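Asks: Have a look at this one before I ask anything.
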Amino acid sequence: MTPETAIEQITACAIPEKAAEMAAYHKVERPYLGTATPEIDALCKAWRAELTLEDRLTLCAGLWDSNIHEARIAAAKLLTQARIRPDDSAAWALLCSWMPQLDAWAIADAVSTAAAKRITADPARLDEVEAWTQSPLMWQRRAALVATLPFARLNNLKPVEEQARERVLSWAASYLGDKDWFIRKAVAGWLRDLSKHDPARTEAFLAEFGDLMKSWTRKEAGQYLG
């Protein structure tokens with residue numbers, strides 16, 4: 001499977017008149033085909049079943065380098081799975097190489113979701129994620145929270161997971177002075193998800209840092225608190 005063949009298959013599922021709508025919606029200048037997410041999901045499922053990990057990584061790299069919106073989404077989805085065998089550094093390294101290139105929410109979310117699977121598989125990767133929090137690129141700073149959302153959604157944490165949760169909360173606290181709406185939204189969303197599983201820890205965070213948060217972020221973060 002070459003990137004060119006994969007893009008032909010994505011294009012074959014496209015609704016061309018949707019391409020202009022997608023370009024207007026995502027507001028980033030790049031090629032759009034007009035292919036819906038369920039169609040991309042189905043293609044990725046088929047490719048994942050037939051390709052070795054090495055071939056999949058090669059395909060992902062080519063799809064990403066095309067800069068086509070749907071191809072970049074597909075590249076991320078091809079690496080979104082709980083278990084990759086062998087889970088060596090290659091898939092993680094490829095995902096990390098894309099982080100400084102993030103420039104739109106849909107692609108950023110797709111890459112972050114794939115990264116979340118690899119971080120959950122090996123929490124030691126948080127050492128690399130921490131560097132994202134210092135990035136001048138807003139999307140990469142945001143990815144540090146989006147890619148660690150699984151640690152907000154766990155019950156009965158193991159010690160390594162508890163440490164991971166506290167580490168991410170320290171990042172969230174460091175973001176409270178950030179002026180970007182997407183960063184504030186990510187902080188609020190992380191805390192909101194945490195509140196469903198550990199309301200006491202969420203309340204403690206809000207008690208300590210709530211004065212540094214915008215009223216709407218405090219409200220969203222505490223949406224599910226009693």
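Chain labels run A, B, ... following the order of the structure tokens; each chain numbers its residues from 1, and ligands are numbered from 1 in the order shown.
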Please provide the set of residues having any atom within 12 Å of range 118-126 of chain A, restricted to only C-alpha atoms, with same-chain residues fewer than 5 positions apart removed, written as a ChimeraX atom specification.
Replies: /A:79-96,111-113,131-133,143-154,158-168,171
Asks: Out of A:Thr52, A:Ser215, A:Thr58, A:Ser135, which residue has the shortest atom-to-atom distance to Thr2 in chain A when counting only C-alpha atoms?
Replies: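 Ranking A:Thr52, A:Ser215, A:Thr58, A:Ser135 by distance to Thr2 in chain A, first place goes to A:Thr58.
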Asks: Counting only C-alpha atoms, which residue out of A:Ala61, A:Ala24, A:Ala172, A:Leu102 sits closest to Trp139 in chain A?
Replies: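 Under the stated criterion, the closest residue is A:Leu102.
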Asks: May I have the residues within 12 Å of Ser66 in chain A as a VMD selection string, using only C-alpha atoms and disregarding those fewer than 3 positions away in the same chain?
Replies: chain A and resid 2 to 4 6 to 7 30 to 32 59 to 63 69 to 75
Asks: So that I have them on file, write out the residues from the current selection with N, CA, C and O atoms, as a tab-separated table (two decimals), in the first residue's frame.
Replies:
chain	number	residue	atom	x	y	z
A	2	THR	N	0.81	2.04	-1.05
A	2	THR	CA	1.57	3.28	-1.11
A	2	THR	C	0.70	4.44	-0.65
A	2	THR	O	-0.54	4.35	-0.68
A	3	PRO	N	1.31	5.54	-0.23
A	3	PRO	CA	0.50	6.71	0.13
A	3	PRO	C	-0.39	7.17	-1.02
A	3	PRO	O	-1.54	7.58	-0.79
A	4	GLU	N	0.11	7.07	-2.24
A	4	GLU	CA	-0.67	7.50	-3.39
A	4	GLU	C	-1.93	6.65	-3.55
A	4	GLU	O	-3.03	7.16	-3.82
A	6	ALA	N	-3.41	4.92	-1.15
A	6	ALA	CA	-4.29	5.21	-0.02
A	6	ALA	C	-5.07	6.51	-0.25
A	6	ALA	O	-6.28	6.57	0.03
A	7	ILE	N	-4.40	7.52	-0.77
A	7	ILE	CA	-5.07	8.79	-1.04
A	7	ILE	C	-6.13	8.63	-2.13
A	7	ILE	O	-7.20	9.23	-2.08
A	30	ARG	N	-4.93	24.17	3.23
A	30	ARG	CA	-4.35	22.90	2.79
A	30	ARG	C	-5.39	22.21	1.92
A	30	ARG	O	-6.55	22.61	1.91
A	31	PRO	N	-5.05	21.18	1.19
A	31	PRO	CA	-6.05	20.47	0.37
A	31	PRO	C	-7.07	19.74	1.24
A	31	PRO	O	-6.73	19.11	2.24
A	32	TYR	N	-8.33	19.83	0.84
A	32	TYR	CA	-9.43	19.09	1.47
A	32	TYR	C	-10.14	18.30	0.38
A	32	TYR	O	-10.38	18.82	-0.71
A	59	LEU	N	3.45	4.12	5.54
A	59	LEU	CA	2.23	4.70	4.96
A	59	LEU	C	1.83	5.96	5.74
A	59	LEU	O	1.48	6.98	5.13
A	60	CYS	N	1.89	5.89	7.06
A	60	CYS	CA	1.52	7.05	7.87
A	60	CYS	C	2.39	8.26	7.55
A	60	CYS	O	1.89	9.39	7.43
A	61	ALA	N	3.67	8.02	7.43
A	61	ALA	CA	4.58	9.12	7.13
A	61	ALA	C	4.25	9.76	5.79
A	61	ALA	O	4.25	10.99	5.64
A	62	GLY	N	3.95	8.93	4.80
A	62	GLY	CA	3.61	9.46	3.49
A	62	GLY	C	2.29	10.20	3.47
A	62	GLY	O	2.16	11.25	2.82
A	63	LEU	N	1.30	9.66	4.17
A	63	LEU	CA	0.01	10.34	4.26
A	63	LEU	C	0.16	11.70	4.93
A	63	LEU	O	-0.41	12.70	4.47
A	69	HIS	N	-5.80	17.20	4.32
A	69	HIS	CA	-6.48	17.11	5.61
A	69	HIS	C	-6.87	15.67	5.95
A	69	HIS	O	-6.52	15.14	7.02
A	70	GLU	N	-7.60	15.02	5.07
A	70	GLU	CA	-8.08	13.67	5.36
A	70	GLU	C	-6.94	12.68	5.46
A	70	GLU	O	-7.02	11.70	6.23
A	71	ALA	N	-5.87	12.89	4.71
A	71	ALA	CA	-4.72	11.99	4.78
A	71	ALA	C	-4.02	12.12	6.14
A	71	ALA	O	-3.57	11.11	6.71
A	72	ARG	N	-3.92	13.33	6.65
A	72	ARG	CA	-3.32	13.50	7.97
A	72	ARG	C	-4.19	12.90	9.07
A	72	ARG	O	-3.68	12.30	10.02
A	73	ILE	N	-5.50	13.05	8.92
A	73	ILE	CA	-6.41	12.39	9.87
A	73	ILE	C	-6.21	10.88	9.81
A	73	ILE	O	-6.12	10.20	10.85
A	74	ALA	N	-6.13	10.33	8.61
A	74	ALA	CA	-5.93	8.88	8.45
A	74	ALA	C	-4.60	8.44	9.04
A	74	ALA	O	-4.52	7.37	9.67
A	75	ALA	N	-3.56	9.22	8.86
A	75	ALA	CA	-2.24	8.86	9.41
A	75	ALA	C	-2.33	8.70	10.92
A	75	ALA	O	-1.79	7.75	11.49
Asks: So which bits of range 154-222 of chain A end up helix (DSSP H, G or I) when you DSSP the backbone, as a ChimeraX atom specification?
Replies: /A:159-174,181-197,199-212,215-221
Asks: So that I can see what lies close to Ala104 in chain A, please list as a list in words the residues with an atom at most 9 Å from it, counting only C-alpha atoms and leaving out residues fewer than 5 positions away in the same chain.
Replies: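 That gives His26, Lys27, Val28, Asp109 and Trp139 of chain A.
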Asks: Please write the residues from the selection above to a file, keeping C-alpha atoms, as a compact mmCIF listing (two decimals), in the first residue's frame.
Replies:
# COMPACT_ATOMS: atom_id res chain seq x y z
CA HIS A 26 -11.18 24.31 9.61
CA LYS A 27 -9.75 27.66 8.47
CA VAL A 28 -6.32 26.28 7.58
CA ASP A 109 -7.14 15.97 18.28
CA TRP A 139 -1.52 23.24 19.59
Asks: By how many Å are CA of Ala36 in chain A and CA of Ala23 in chain A apart?
Replies: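 Separation of CA of Ala36 in chain A and CA of Ala23 in chain A: 13.2 Å.
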Asks: Just the residues within 12 Å of Tyr224 in chain A, please, counting only C-alpha atoms, with nothing from its chain fewer than 2 positions along; format it as a list of chain:residue names.
Replies: A:Ala188, A:Gly189, A:Leu191, A:Arg192, A:Asp193, A:Leu194, A:Ser195, A:Lys196, A:His197, A:Asp198, A:Pro199, A:Ala200, A:Thr202, A:Glu203, A:Arg218, A:Lys219, A:Glu220, A:Ala221, A:Gly222, A:Gly226
Asks: Could you check which of A:Ser174, A:Thr5, A:Gln101, A:Asn67 is closest to Gln134 in chain A, using only C-alpha atoms?
Replies: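 Selected residue with least distance to Gln134 in chain A: A:Ser174.
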Asks: Report, in Å to a single decimal, how far apart CA of Lys179 in chain A and CA of Glu208 in chain A are.
Replies: 19.6 Å
Asks: Which is closest to Ile107 in chain A among A:Leu33, A:Ala49, A:Ile68, A:Leu157, if we use only C-alpha atoms?
Replies: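 Using only C-alpha atoms, Ile107 in chain A sits closest to A:Ile68.
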Asks: A:Asn155, A:Leu212, A:Pro16, A:Leu137: which is nearest Ala173 in chain A, counting only C-alpha atoms?
Replies: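 For Ala173 in chain A, the nearest of the candidates is A:Leu212.
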Asks: Select, from A:Met1, A:Ala19, A:Arg201, A:Ala110, the residue with the minimum atom-to-atom distance to Arg56 in chain A, counting only C-alpha atoms.
Replies: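 The shortest atom-to-atom distance to Arg56 in chain A comes from A:Met1.
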